[in-house]
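Structure below is data19.txt: compact mmCIF, C-alpha atoms and all ligand atoms.
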```
# COMPACT_ATOMS: atom_id res chain seq x y z
CA MET A 396 79.30 115.31 84.81
CA SER A 397 78.70 114.61 81.11
CA GLY A 398 78.44 117.59 78.83
CA PRO A 399 75.17 118.33 77.02
CA ALA A 400 76.60 116.78 73.84
CA ASP A 401 76.45 113.36 75.58
CA LEU A 402 72.79 113.69 76.50
CA PRO A 403 69.76 112.56 74.47
CA THR A 404 68.16 115.30 72.42
CA ASP A 405 64.68 113.73 72.31
CA ASP A 406 64.06 113.90 76.07
CA PRO A 407 61.53 116.64 76.85
CA ALA A 408 62.58 116.65 80.53
CA LEU A 409 65.90 118.08 79.33
CA ASP A 410 64.29 120.90 77.32
CA PRO A 411 65.50 124.31 78.49
CA GLY A 412 63.45 125.65 81.42
CA VAL A 413 61.65 122.37 82.18
CA LEU A 414 63.68 121.54 85.27
CA LEU A 415 64.66 124.18 87.84
CA PRO A 416 68.36 124.95 87.82
CA GLY A 417 70.25 123.22 90.64
CA PRO A 418 70.65 119.67 91.93
CA LEU A 419 67.78 117.21 91.89
CA VAL A 420 67.05 113.59 92.72
CA GLU A 421 66.24 111.55 89.61
CA PHE A 422 64.50 108.16 89.77
CA GLN A 423 65.11 105.48 87.09
CA GLY A 424 67.39 107.63 84.98
CA TRP A 425 70.46 109.82 85.25
CA THR A 426 70.60 112.21 82.30
CA ALA A 427 68.99 115.08 84.23
CA VAL A 428 71.54 114.58 87.02
CA ALA A 429 74.28 114.67 84.40
CA ARG A 430 73.04 118.10 83.39
CA HIS A 431 71.91 119.64 86.71
CA GLY A 432 73.81 117.69 89.38
CA GLY A 433 72.29 115.80 92.31
CA LEU A 434 71.65 112.10 92.86
CA ALA A 435 70.34 109.36 90.56
CA VAL A 436 68.31 106.61 92.28
CA LEU A 437 68.97 103.54 90.14
CA PRO A 438 67.93 100.11 91.41
CA TRP A 439 68.87 98.54 88.02
CA ARG A 440 72.52 97.61 88.17
CA PRO A 441 73.34 98.01 84.43
CA GLN A 442 71.99 101.56 84.53
CA ALA A 443 73.77 102.32 87.82
CA ARG A 444 77.06 101.08 86.40
CA GLN A 445 76.67 103.35 83.35
CA ALA A 446 75.99 106.35 85.59
CA ASP A 447 78.93 105.45 87.83
CA ILE A 448 81.18 105.34 84.77
CA ALA A 449 79.89 108.81 83.84
CA GLY A 450 81.09 109.95 87.29
CA LEU A 451 77.62 110.72 88.71
CA ALA A 452 76.37 110.31 92.29
CA THR A 453 74.07 107.27 92.39
CA SER A 454 72.25 105.20 94.97
CA PRO A 455 70.26 101.97 94.47
CA ARG A 456 67.67 103.14 97.00
CA VAL A 457 65.97 106.32 98.06
CA PRO A 458 68.24 108.69 99.99
CA ALA A 459 67.70 110.08 103.50
CA THR A 460 68.48 113.61 102.26
CA THR A 461 65.93 115.95 100.67
CA PHE A 462 66.06 117.88 97.41
CA PRO A 463 64.20 120.91 96.00
CA GLN A 464 63.26 118.89 92.91
CA ALA A 465 62.62 115.24 92.07
CA LEU A 466 62.28 113.79 88.59
CA VAL A 467 60.56 110.41 88.22
CA ARG A 468 60.93 108.56 84.94
CA LEU A 469 58.05 106.23 84.21
CA THR A 470 58.91 102.53 84.10
CA LYS A 471 56.88 99.42 83.36
CA GLY A 472 54.59 98.42 86.23
CA ARG A 473 52.02 100.62 87.92
CA VAL A 474 52.90 99.67 91.52
CA ALA A 475 56.61 100.26 90.92
CA VAL A 476 55.88 103.74 89.53
CA GLU A 477 53.62 104.54 92.49
CA ALA A 478 56.42 103.49 94.85
CA ASP A 479 58.91 105.74 93.04
CA LEU A 480 56.47 108.66 93.15
CA ALA A 481 55.84 108.19 96.88
CA GLU A 482 59.58 108.03 97.55
CA ALA A 483 60.27 111.06 95.36
CA TRP A 484 57.52 113.00 97.17
CA GLY A 485 59.08 112.05 100.51
CA ALA A 486 62.52 113.14 99.29
CA LEU A 487 61.33 116.70 98.53
CA THR A 488 61.85 119.73 100.71
CA PRO A 489 58.52 121.48 101.55
CA GLY A 490 57.46 123.48 98.50
CA GLY A 491 59.77 121.36 96.30
CA ARG A 492 58.79 120.21 92.84
CA LEU A 493 57.85 116.70 91.70
CA VAL A 494 58.24 116.12 87.96
CA LEU A 495 56.91 113.01 86.22
CA THR A 496 57.94 112.13 82.67
CA GLY A 497 57.40 109.20 80.35
CA PRO A 498 56.10 107.98 77.02
CA LYS A 499 52.52 107.13 76.15
CA GLU A 500 53.35 103.46 75.63
CA LEU A 501 54.34 103.19 79.29
CA GLY A 502 51.09 104.86 80.36
CA ILE A 503 52.00 108.47 81.13
CA THR A 504 48.40 109.58 80.58
CA SER A 505 46.93 107.25 83.18
CA ALA A 506 49.86 107.77 85.59
CA VAL A 507 49.21 111.53 85.50
CA LYS A 508 45.46 110.98 86.04
CA ARG A 509 46.10 108.79 89.08
CA LEU A 510 48.48 111.34 90.55
CA GLU A 511 46.11 114.21 89.85
CA ALA A 512 43.38 112.35 91.77
CA LEU A 513 45.67 112.47 94.82
CA LEU A 514 47.55 115.76 94.41
CA GLY A 515 45.28 117.92 92.25
CA PRO A 516 46.08 119.20 88.76
CA GLY A 517 49.69 119.13 87.65
CA GLU A 518 51.31 121.60 85.27
CA VAL A 519 52.26 120.23 81.85
CA VAL A 520 55.77 121.66 81.45
CA ALA A 521 56.78 119.92 78.21
CA GLN A 522 55.14 117.71 75.63
CA ARG A 523 55.98 115.72 72.51
CA ALA A 524 53.66 113.61 70.35
CA HIS A 525 54.31 110.57 72.54
CA GLN A 526 55.76 111.98 75.75
CA LYS A 527 54.73 114.32 78.50
CA VAL A 528 56.39 116.07 81.44
CA VAL A 529 54.09 117.15 84.29
CA ALA A 530 55.02 118.93 87.55
CA TRP A 531 53.43 119.33 91.01
CA VAL A 532 54.50 121.44 93.98
CA ARG A 533 55.05 119.54 97.24
CA THR A 534 52.23 120.13 99.72
CA SER A 535 51.46 118.44 103.05
CA THR A 536 49.26 115.90 101.23
CA ALA A 537 50.57 112.39 101.92
CA LEU A 538 51.50 110.15 99.00
CA PRO A 539 51.56 106.68 100.57
CA ARG A 540 53.97 104.00 99.37
CA PRO A 541 51.98 101.07 97.90
CA THR A 542 52.25 97.79 99.74
CA THR A 543 52.53 94.34 98.15
CA PRO A 544 51.24 91.02 99.52
CA ARG A 545 53.32 88.11 100.73
CA VAL A 546 53.51 85.33 98.14
CA ALA A 547 53.64 81.55 98.65
CA LEU A 548 57.20 80.19 98.69
CA GLY A 549 55.87 77.41 96.49
CA ASP A 550 57.82 74.50 97.97
CA GLY A 551 54.76 72.68 99.27
CA SER A 552 55.02 74.31 102.72
CA ASP A 553 52.69 77.07 103.89
CA LEU A 554 55.61 79.53 104.04
CA THR A 555 55.39 82.86 102.26
CA LEU A 556 57.96 85.36 101.00
CA GLY A 557 57.88 89.13 101.30
CA THR A 558 57.81 91.09 98.02
CA ALA A 559 58.08 94.76 97.06
CA PRO A 560 56.87 97.09 94.31
CA GLY A 561 58.89 96.53 91.15
CA VAL A 562 60.08 93.04 92.13
CA PHE A 563 59.14 90.30 89.67
CA SER A 564 55.85 88.57 90.44
CA HIS A 565 55.14 90.73 93.48
CA ASP A 566 51.52 89.63 93.75
CA ALA A 567 51.49 85.87 93.06
CA LEU A 568 53.81 82.91 92.57
CA ASP A 569 54.86 82.83 88.90
CA GLU A 570 53.83 79.74 86.93
CA GLY A 571 57.36 79.25 85.59
CA THR A 572 58.79 79.44 89.12
CA ALA A 573 56.22 76.91 90.32
CA THR A 574 57.10 74.60 87.41
CA LEU A 575 60.78 74.56 88.36
CA LEU A 576 60.03 74.16 92.09
CA ALA A 577 57.92 71.10 91.26
CA VAL A 578 60.94 69.24 89.80
CA LEU A 579 63.53 70.14 92.48
CA HIS A 580 63.00 66.77 94.17
CA ASP A 581 64.22 65.01 90.99
CA LEU A 582 67.64 66.68 91.18
CA PRO A 583 70.61 65.27 93.11
CA ALA A 584 71.49 67.15 96.32
CA PRO A 585 73.98 69.95 95.56
CA ARG A 586 76.62 71.29 97.96
CA ALA A 587 76.83 74.70 96.29
CA LEU A 588 74.09 76.20 94.17
CA ALA A 589 73.13 79.53 92.63
CA ASP A 590 69.84 81.21 91.76
CA LEU A 591 70.36 83.68 88.92
CA GLY A 592 67.81 86.47 88.59
CA CYS A 593 66.56 85.51 92.04
CA GLY A 594 63.70 88.01 92.43
CA ALA A 595 62.25 87.51 95.92
CA GLY A 596 64.37 84.36 96.24
CA HIS A 597 61.85 81.58 95.59
CA LEU A 598 64.19 79.17 93.80
CA GLY A 599 67.32 79.62 95.92
CA LEU A 600 65.51 79.71 99.25
CA ALA A 601 63.28 76.70 98.45
CA ALA A 602 66.43 74.83 97.41
CA LEU A 603 68.15 75.69 100.71
CA ARG A 604 65.12 74.40 102.62
CA ARG A 605 65.15 71.19 100.59
CA TRP A 606 68.90 70.56 100.97
CA PRO A 607 69.99 71.52 104.52
CA ALA A 608 73.71 71.00 103.84
CA ALA A 609 73.79 73.26 100.78
CA THR A 610 74.88 76.88 100.45
CA ALA A 611 73.43 79.25 97.86
CA TRP A 612 74.45 82.37 95.98
CA LEU A 613 71.50 84.45 94.79
CA GLY A 614 71.94 87.35 92.37
CA ASP A 615 69.67 89.89 90.72
CA ALA A 616 70.20 93.14 88.78
CA ASP A 617 67.26 94.79 90.57
CA HIS A 618 68.33 96.11 93.95
CA ARG A 619 64.73 95.98 95.17
CA ALA A 620 64.84 92.20 94.61
CA VAL A 621 68.18 91.95 96.40
CA THR A 622 66.74 93.73 99.45
CA VAL A 623 63.63 91.55 99.51
CA ALA A 624 65.54 88.27 98.97
CA THR A 625 67.99 89.22 101.75
CA ASP A 626 65.09 89.88 104.14
CA ASN A 627 63.38 86.64 103.11
CA ALA A 628 66.57 84.60 103.71
CA ARG A 629 66.85 86.15 107.19
CA ASP A 630 63.16 85.59 108.01
CA LEU A 631 63.37 81.91 107.01
CA GLY A 632 66.53 81.40 109.10
CA LEU A 633 68.53 80.69 105.93
CA ALA A 634 70.83 83.72 106.01
CA PRO A 635 73.90 81.76 107.27
CA ARG A 636 73.78 79.61 104.11
CA ALA A 637 72.71 82.31 101.62
CA THR A 638 74.63 85.13 99.94
CA VAL A 639 72.47 87.63 98.06
CA ALA A 640 74.22 89.96 95.61
CA TRP A 641 73.43 92.88 93.34
CA TRP A 642 74.66 91.40 90.09
CA ASP A 643 74.14 91.93 86.37
CA ALA A 644 74.11 88.87 84.14
CA HIS A 645 76.86 90.35 81.99
CA GLU A 646 79.25 90.20 84.96
CA PRO A 647 80.99 86.91 85.78
CA LEU A 648 79.82 85.12 88.91
CA PRO A 649 82.13 85.69 91.89
CA ILE A 650 81.99 81.96 92.69
CA THR A 651 82.88 78.72 90.92
CA GLY A 652 82.49 75.01 91.65
CA LEU A 653 78.68 75.10 91.57
CA ASP A 654 76.84 71.78 91.42
CA LEU A 655 73.55 73.40 90.50
CA VAL A 656 72.39 76.68 88.98
CA LEU A 657 68.67 77.41 88.94
CA THR A 658 67.16 80.14 86.84
CA ASN A 659 63.83 81.45 85.66
CA PRO A 660 65.56 84.00 83.41
CA PRO A 661 64.16 87.36 82.31
CA ALA A 662 62.47 87.40 78.93
CA HIS A 663 62.20 91.20 78.70
CA ALA A 664 64.40 94.27 78.73
CA GLY A 665 62.08 97.08 79.82
CA ALA A 666 58.88 96.67 77.83
CA ALA A 667 60.46 94.71 74.94
CA THR A 668 60.97 90.95 74.65
CA SER A 669 64.68 90.12 74.83
CA THR A 670 66.78 87.02 75.42
CA ASP A 671 69.97 89.02 75.97
CA ALA A 672 70.06 88.80 79.79
CA ALA A 673 68.99 85.14 79.75
CA LEU A 674 71.80 84.17 77.38
CA ALA A 675 74.30 86.13 79.48
CA MET A 676 73.05 84.23 82.55
CA PHE A 677 73.59 80.90 80.78
CA ARG A 678 77.18 81.85 79.93
CA ALA A 679 77.93 83.08 83.45
CA ALA A 680 76.36 79.94 84.96
CA HIS A 681 78.25 77.61 82.66
CA ALA A 682 81.58 79.27 83.54
CA ALA A 683 80.84 78.74 87.27
CA LEU A 684 79.66 75.10 87.14
CA ALA A 685 81.77 72.30 88.61
CA PRO A 686 82.41 69.34 86.27
CA GLY A 687 79.17 67.36 86.27
CA GLY A 688 77.18 70.37 87.54
CA ARG A 689 73.78 71.26 86.13
CA LEU A 690 72.22 74.47 84.87
CA VAL A 691 68.44 74.13 85.18
CA VAL A 692 66.36 76.65 83.23
CA VAL A 693 62.60 77.11 83.25
CA ALA A 694 61.07 79.07 80.41
CA ASN A 695 57.96 79.61 78.41
CA ARG A 696 57.87 76.91 75.70
CA GLN A 697 58.20 79.44 72.84
CA LEU A 698 61.55 80.79 74.04
CA PRO A 699 64.45 79.57 71.89
CA TYR A 700 66.89 78.46 74.58
CA GLU A 701 67.75 74.91 73.47
CA ARG A 702 70.27 75.92 70.83
CA PRO A 703 72.31 78.39 72.95
CA LEU A 704 72.26 75.91 75.85
CA ALA A 705 73.44 73.10 73.53
CA GLN A 706 76.47 75.25 72.67
CA LEU A 707 77.43 75.10 76.36
CA GLY A 708 76.79 71.42 77.12
CA ARG A 709 74.52 68.42 76.67
CA VAL A 710 70.86 69.40 77.10
CA THR A 711 68.09 67.24 78.54
CA THR A 712 64.57 68.13 79.58
CA MET A 713 62.56 67.45 82.73
CA PRO A 714 58.82 66.76 82.84
CA SER A 715 56.79 69.99 82.98
CA GLY A 716 53.38 71.43 82.09
CA SER A 717 52.04 72.58 78.75
CA ARG A 718 53.10 76.25 78.96
CA PHE A 719 56.60 75.92 80.42
CA LYS A 720 59.62 73.72 79.79
CA VAL A 721 62.51 72.83 82.09
CA CYS A 722 65.85 72.40 80.30
CA VAL A 723 68.94 70.98 81.99
CA CYS A 724 72.35 71.86 80.59
CA HIS A 725 75.03 69.51 81.88
CA GLY A 726 78.38 71.22 82.59
C1 LIG A 801 61.49 85.88 85.47
S1 LIG A 801 62.16 86.74 86.86
C2 LIG A 801 62.45 85.39 87.98
C3 LIG A 801 62.55 85.81 89.43
C4 LIG A 801 62.62 84.66 90.44
N1 LIG A 801 63.75 83.79 90.17
C5 LIG A 801 61.34 83.87 90.40
O1 LIG A 801 61.34 82.79 89.80
O2 LIG A 801 60.33 84.37 90.93
C6 LIG A 801 63.76 87.20 86.27
C7 LIG A 801 64.60 87.98 87.25
O3 LIG A 801 65.82 88.35 86.58
C8 LIG A 801 66.19 89.65 86.99
N2 LIG A 801 67.00 90.23 85.92
C9 LIG A 801 66.59 90.86 84.79
N3 LIG A 801 67.64 91.25 84.05
C10 LIG A 801 68.75 90.86 84.74
C11 LIG A 801 70.14 90.99 84.49
N4 LIG A 801 70.60 91.60 83.41
N5 LIG A 801 70.99 90.48 85.39
C12 LIG A 801 70.53 89.85 86.52
N6 LIG A 801 69.23 89.73 86.81
C13 LIG A 801 68.34 90.22 85.93
C14 LIG A 801 64.87 90.37 87.22
O4 LIG A 801 65.03 91.46 88.10
C15 LIG A 801 64.00 89.26 87.79
O5 LIG A 801 64.02 89.26 89.18
```
Starting from the file, lay out its structure as structure tokens.
Amino acid sequence: MSGPADLPTDDPALDPGVLLPGPLVEFQGWTAVARHGGLAVLPWRPQARQADIAGLATSPRVPATTFPQALVRLTKGRVAVEADLAEAWGALTPGGRLVLTGPKELGITSAVKRLEALLGPGEVVAQRAHQKVVAWVRTSTALPRPTTPRVALGDGSDLTLGTAPGVFSHDALDEGTATLLAVLHDLPAPRALADLGCGAGHLGLAALRRWPAATAWLGDADHRAVTVATDNARDLGLAPRATVAWWDAHEPLPITGLDLVLTNPPAHAGAATSTDAALAMFRAAHAALAPGGRLVVVANRQLPYERPLAQLGRVTTMPSGSRFKVCVCHG
């Protein structure tokens, strides 16, 4: 475990006396586990890799074991937070303690209000100008896991894909995704393709349905997406031709010789706009393309992708709507 000197000093959850001594389960973070021991539940691969390097016990999904204390760190997305809270509640021993922490800009005030409506008043155990830590004792009250709807696959069929809390576009087909799906028929049939940042699997799975001789590698840094895309591939009968992997864009792809890489890349890191993961995806894709292969990127028109793509290969565009563009980088 890391020593206290390695841990952030501005985290009120780590203030003395805020957490009970002894191991806990921590959702969406690992610094409390570094101090107290226990298990960090980290669906985000970059975070999980950091915690692994620090020698901590991690899992991408909720454990079957129970703990006397669970700490949930607020993330972006109300449904995802509600899912974490329900899983943390379920991972507590009777009488155990649920602790929620997060900054105002991520909505700690409203998250606490919603939880208080279900569980009764919580105890504010630490506070800063912009952060709060609130605790509840586990009772027999149920905290149900939120459900998410199925979403149209978007390939012109009436098929739908399963989604899950926290997974990109869990309530409707994204406009960027739909824009790229609409131009698939203008691309030559690939033998081997990849879908980078696959989410529920729309691009890769629609491509496999379109090209019955193709195989696809789908990767995403969010383990919740990997689980959902794996289930969707199985449900559509595409599992024999699909490999779904937990993968961070800063890692090389484990495959080469790709004729086609499809991506609707992330434009955010947490709450902030960032092109870092998208640019890493472009580099990883380019390194895995066969000669003559294509990297096809859909993005909001304002995003500055043309120049970095032009550093990798010749760039052309495909017809698209007014809000999104489809760029093709030729390998
Ligand atoms: C804009 S969404 C697109 C999802 C899906 N392809 C679609 O069109 O519905 C971008 C995806 O990239 C994933 N992602 C974000 N950062 C990543 C990273 N560093 N490495 C790999 N995937 C990442 C997100 O989890 C998300 O599923």
Dump as JSON lines the rows for residues of region 580-631 of chain A within 12 Å of region 661-668 of chain A: closest atom pair and distance in Å with one decimal, all atoms listed in the file counted, ordered by chain and rising residue number.
```
{"residue": "A:Leu591", "atom": "CA", "partner": "A:Pro661", "partner_atom": "CA", "distance": 9.8}
{"residue": "A:Gly592", "atom": "CA", "partner": "A:Pro661", "partner_atom": "CA", "distance": 7.3}
{"residue": "A:Cys593", "atom": "CA", "partner": "A:Pro661", "partner_atom": "CA", "distance": 10.2}
{"residue": "A:Gly594", "atom": "CA", "partner": "A:Pro661", "partner_atom": "CA", "distance": 10.2}
{"residue": "A:Asp615", "atom": "CA", "partner": "A:Pro661", "partner_atom": "CA", "distance": 10.4}
{"residue": "A:Ala616", "atom": "CA", "partner": "A:Pro661", "partner_atom": "CA", "distance": 10.6}
{"residue": "A:Asp617", "atom": "CA", "partner": "A:Pro661", "partner_atom": "CA", "distance": 11.5}
```
Inset, instruction - Find the residues near ligand LIG 801 (chain A). Use a cut-off of 9 Å, count only C-alpha atoms and all ligand atoms, and write them as a VMD selection string. - result: chain A and resid 439 to 441 561 to 565 568 to 573 575 590 to 599 614 to 621 641 to 646 657 to 664 671 to 673 675 to 676 693 to 694
Inset, instruction - Select all residues near (48.0, 119.3, 90.2) (cut-off 12 Å, inclusive, file coordinates), counting all atoms listed in the file, and output them as a PyMOL selection string. - result: chain A and resi 492-495+507-520+529-534+536
Inset, instruction - Could you please determine the separation between CA of Leu588 (chain A) and CA of Asp630 (chain A) in Å, to one decimal place? - result: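 Straight-line distance from CA of Leu588 (chain A) to CA of Asp630 (chain A) works out to 20.0 Å.
Across the model, the gap from CA of Gly557 (chain A) to CA of Asn627 (chain A) is 6.3 Å.
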Inset, instruction - Figure out the distance between CA of Ala486 (chain A) and CA of Ala449 (chain A), please, to one decimal in Å. - result: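 According to the coordinates, CA of Ala449 (chain A) and CA of Ala486 (chain A) are separated by 23.6 Å.
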Legend entry - Nearby residues (all atoms listed in the file) at most 10 Å from Ser454 (chain A), same-chain spacing under 4 positions excluded, as a PyMOL selection string: chain A and resi 422+434-438+443+447+458+618
Inset, instruction - For Gly432 (chain A), please output as JSON, numbers by chain all residues within 7 Å (counting only C-alpha atoms; exclusion window: fewer than 6 positions along the same chain). - result: {"A": [417, 418, 419]}
Legend entry - Radius query 8 Å about (60.4, 122.8, 97.0), atoms used: all atoms listed in the file, as a PyMOL selection string: chain A and resi 462-464+487-492+532-533
Inset, instruction - Can you work out which one of A:Leu648, A:Leu631, A:Leu582, A:Ala683 has the shortest atom-to-atom distance to Leu613 (chain A), counting all atoms listed in the file? - result: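 Going through A:Leu648, A:Leu631, A:Leu582, A:Ala683 one by one, the smallest distance to Leu613 (chain A) is for A:Leu648.
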Legend entry - Nearest candidate to Ala567 (chain A) (options A:Ala547, A:Ala589, A:Leu603, A:Ala682; using all atoms listed in the file): A:Ala547
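Between Ala481 (chain A) and the candidates A:Ala524, A:Trp612, A:Lys499, A:Thr542, the tightest atom-to-atom separation, counting all atoms listed in the file, involves A:Thr542.
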